[in-house]
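Trainee: upload_5.txt is the file, holding compact mmCIF, C-alpha atoms:
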# COMPACT_ATOMS: atom_id res chain seq x y z
CA GLY A 14 -28.08 -34.45 -38.15
CA LYS A 15 -30.95 -33.19 -36.20
CA GLY A 16 -29.14 -31.96 -32.99
CA TRP A 17 -26.25 -30.13 -34.72
CA LYS A 18 -26.09 -26.35 -34.92
CA LYS A 19 -24.09 -24.27 -37.32
CA PRO A 20 -20.85 -23.05 -35.59
CA GLN A 21 -20.81 -19.35 -34.79
CA GLU A 22 -18.41 -17.20 -36.70
CA LYS A 23 -15.62 -15.61 -34.69
CA SER A 24 -15.50 -11.86 -34.72
CA ASP A 25 -12.65 -9.51 -33.92
CA ARG A 26 -13.97 -9.32 -30.33
CA GLY A 27 -12.80 -12.90 -29.74
CA ASP A 28 -14.18 -14.75 -26.75
CA LEU A 29 -16.13 -11.72 -25.47
CA GLU A 30 -18.63 -12.13 -28.30
CA GLY A 31 -20.65 -14.83 -26.56
CA LEU A 32 -20.91 -12.99 -23.24
CA PRO A 33 -24.20 -11.37 -22.44
CA GLU A 34 -24.24 -7.63 -21.77
CA SER A 35 -25.14 -8.27 -18.12
CA SER A 36 -21.95 -10.28 -17.51
CA GLY A 37 -20.04 -7.09 -16.75
CA PHE A 38 -17.45 -7.37 -19.50
CA VAL A 39 -17.94 -5.68 -22.81
CA SER A 40 -14.84 -4.99 -24.90
CA GLY A 41 -12.56 -5.04 -21.87
CA ARG A 42 -14.67 -2.70 -19.71
CA HIS A 43 -17.35 -3.09 -17.08
CA HIS A 44 -20.75 -2.12 -18.36
CA SER A 45 -20.58 0.91 -16.05
CA GLY A 46 -17.71 2.31 -18.13
CA THR A 47 -14.92 1.94 -15.53
CA ASN A 48 -11.72 0.00 -16.11
CA VAL A 49 -11.64 -3.73 -15.43
CA ILE A 50 -8.07 -3.38 -14.18
CA SER A 51 -7.98 -3.39 -10.39
CA ALA A 52 -5.44 -3.67 -7.59
CA SER A 53 -5.74 -7.47 -7.75
CA THR A 54 -4.74 -7.36 -11.44
CA TYR A 55 -1.63 -5.32 -10.63
CA ASN A 56 -0.86 -7.57 -7.63
CA ALA A 57 -0.97 -10.65 -9.86
CA LEU A 58 1.32 -8.91 -12.34
CA MET A 59 3.75 -7.93 -9.57
CA ARG A 60 3.78 -11.57 -8.32
CA VAL A 61 4.78 -12.67 -11.82
CA TYR A 62 7.54 -10.05 -11.93
CA LEU A 63 8.79 -11.20 -8.50
CA ASN A 64 9.36 -14.70 -9.90
CA MET A 65 11.04 -13.65 -13.16
CA GLN A 66 14.67 -14.47 -13.80
CA PRO A 67 16.81 -12.41 -13.89
CA PHE A 68 15.14 -10.56 -11.04
CA GLU A 69 14.94 -6.76 -11.20
CA TRP A 70 13.16 -4.91 -8.38
CA ARG A 71 12.61 -1.83 -10.54
CA VAL A 72 10.11 -3.73 -12.73
CA VAL A 73 7.90 -4.44 -9.71
CA TYR A 74 8.37 -0.87 -8.45
CA ASN A 75 7.39 0.56 -11.84
CA CYS A 76 4.27 -1.62 -11.87
CA TYR A 77 3.33 -0.27 -8.41
CA TYR A 78 4.09 3.30 -9.55
CA GLU A 79 1.94 2.81 -12.67
CA MET A 80 -0.94 1.53 -10.53
CA ARG A 81 -0.65 4.56 -8.24
CA ASN A 82 -0.70 7.01 -11.16
CA ASN A 83 -3.47 5.31 -13.13
CA LYS A 84 -6.43 7.46 -14.21
CA PRO A 85 -9.07 6.75 -12.95
CA LYS A 86 -7.55 6.04 -9.54
CA ILE A 87 -7.16 2.43 -8.47
CA ARG A 88 -7.62 1.83 -4.75
CA ILE A 89 -4.50 -0.04 -3.66
CA SER A 90 -4.45 -2.76 -1.04
CA TRP A 91 -1.85 -3.43 1.63
CA GLU A 92 -0.89 -6.53 -0.36
CA SER A 93 0.29 -4.20 -3.14
CA TYR A 94 2.71 -2.54 -0.75
CA GLU A 95 3.89 -5.90 0.64
CA LEU A 96 4.74 -7.10 -2.87
CA VAL A 97 6.72 -4.00 -3.80
CA ALA A 98 8.41 -4.01 -0.36
CA GLU A 99 9.52 -7.62 -0.87
CA ALA A 100 10.90 -6.74 -4.29
CA MET A 101 12.82 -3.76 -2.91
CA ARG A 102 14.23 -5.87 -0.04
CA ARG A 103 15.34 -8.61 -2.40
CA GLY A 104 16.76 -6.09 -4.83
CA GLU A 105 18.52 -4.17 -2.06
CA ALA A 106 16.86 -0.87 -2.90
CA GLY A 107 17.82 2.13 -0.82
CA ARG A 108 16.32 2.67 2.61
CA PHE A 109 15.03 6.13 1.71
CA ARG A 110 13.08 4.81 -1.30
CA ARG A 111 11.68 1.99 0.85
CA LEU A 112 10.60 4.50 3.51
CA LEU A 113 8.92 6.75 0.94
CA THR A 114 7.08 3.78 -0.57
CA TYR A 115 5.91 2.70 2.90
CA LEU A 116 4.68 6.23 3.70
CA ASP A 117 2.96 6.46 0.31
CA ALA A 118 1.07 3.21 0.90
CA TRP A 119 0.25 4.17 4.48
CA PHE A 120 -1.20 7.54 3.44
CA GLN A 121 -3.20 5.92 0.62
CA LEU A 122 -4.71 3.27 2.89
CA THR A 123 -5.33 5.39 5.99
CA ASN A 124 -8.42 7.54 6.19
CA LEU A 125 -6.87 10.52 7.98
CA GLY A 126 -10.26 12.06 8.70
CA SER A 127 -11.80 9.01 10.37
CA TRP A 128 -12.67 8.99 14.05
CA ARG A 129 -10.60 5.83 14.57
CA PHE A 130 -7.47 7.53 13.23
CA ILE A 131 -8.04 10.67 15.31
CA ALA A 132 -8.72 8.57 18.44
CA GLY A 133 -5.55 6.55 17.80
CA LEU A 134 -3.55 9.74 17.39
CA PHE A 135 -5.00 11.08 20.67
CA VAL A 136 -4.13 7.85 22.55
CA TYR A 137 -0.62 7.88 21.07
CA GLY A 138 -0.12 11.50 22.21
CA CYS A 139 -1.45 10.76 25.71
CA ILE A 140 0.85 7.76 26.11
CA GLY A 141 3.80 9.92 25.01
CA LEU A 142 2.92 12.60 27.57
CA VAL A 143 2.55 10.01 30.36
CA ILE A 144 5.97 8.55 29.52
CA LYS A 145 7.45 12.05 29.49
CA PHE A 146 5.89 12.82 32.89
CA ILE A 147 7.18 9.57 34.45
CA MET A 148 10.70 10.10 33.10
CA GLY A 149 10.70 13.71 34.28
CA PHE A 150 9.54 12.64 37.74
CA PHE A 151 12.34 10.07 38.12
CA VAL A 152 15.02 12.39 36.72
CA GLN A 153 13.95 15.18 39.08
CA ARG A 154 13.86 12.79 42.07
CA ASN A 155 17.33 11.44 41.27
CA LEU A 156 18.73 14.97 40.93
CA ILE A 157 17.24 16.05 44.27
CA ASN A 158 18.45 12.87 46.01
CA ASN A 159 21.98 13.41 44.70
CA ASP A 160 21.87 17.04 45.83
CA LYS A 161 22.51 18.28 42.32
CA THR A 162 20.57 21.05 40.73
CA ILE A 163 20.35 22.06 37.16
CA ILE A 164 19.99 25.76 37.97
CA PRO A 165 23.02 27.23 39.81
CA ARG A 166 22.32 28.99 43.11
Once you've parsed the file, please lay out its structure as structure tokens.
Mentor:
Amino acid sequence: GKGWKKPQEKSDRGDLEGLPESSGFVSGRHHSGTNVISASTYNALMRVYLNMQPFEWRVVYNCYYEMRNNKPKIRISWESYELVAEAMRRGEAGRFRRLLTYLDAWFQLTNLGSWRFIAGLFVYGCIGLVIKFIMGFFVQRNLINNDKTIIPR
């Protein structure tokens, strides 16, 4: 017939063959040369591992660890930590490993040189000093009122 075209032959590149170069995907890579794999890809994979039976928290943890050690670096999201934390809670992983994973995610996601972080640290320190001053004032007042001294006369 008049409106029919000859079917295209499939190549070894599969369904990527028909994509234009500007689509961003060429043989599994962005056209800029960086990996297509992102934190959202690892998060989806960790969600699948969370629902597998039998459940093993180490599989999710290893996926998170692989994402953290990937070259080039993949910028993790807080969702990545929440997924691995849920897996470690369900799998009853040790508290120390859970703490280290939390600290790792916190350090990766916090810009320690930003003004907001430094201002937050300053406010936290000031609040701590104010609490220390108030407690010291009340302890000193109670010791004087009870006629007790710390230093012997």
Trainee: Give me the residues within 12 Å of Asn64 in chain A as a CSV table (one decimal) with C-alpha atoms, in the coordinates of the input, counting all atoms listed in the file and dropping any in the same chain fewer than 6 places off.
Mentor:
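Below is the file around.csv, written as the result:
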chain,number,residue,atom,x,y,z
A,57,ALA,CA,-1.0,-10.6,-9.9
A,58,LEU,CA,1.3,-8.9,-12.3
A,70,TRP,CA,13.2,-4.9,-8.4
A,72,VAL,CA,10.1,-3.7,-12.7
A,73,VAL,CA,7.9,-4.4,-9.7
A,96,LEU,CA,4.7,-7.1,-2.9
A,99,GLU,CA,9.5,-7.6,-0.9
A,100,ALA,CA,10.9,-6.7,-4.3
A,103,ARG,CA,15.3,-8.6,-2.4
Trainee: Could you jot down the CA of Ser93 in chain A to CA of Asn56 in chain A separation for me, Å, one decimal place?
Mentor: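 Separation between CA of Ser93 in chain A and CA of Asn56 in chain A: 5.7 Å.
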Trainee: Find the spatial neighbours of Gln121 in chain A, counting all atoms listed in the file, within a cut-off of 9 Å - ignore same-chain residues fewer than 2 positions away - and output them as a PyMOL selection string.
Mentor: chain A and resi 88-90+116-119+123-124
Trainee: CA of Tyr94 in chain A and CA of Arg71 in chain A, how far apart in Å?
Mentor: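 A separation of 13.9 Å between them.
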Trainee: As an exercise, work out the distance from CA of Tyr74 in chain A to CA of Val61 in chain A in Å and give it to one decimal place.
Mentor: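 Distance reported for this atom pair: 12.8 Å.
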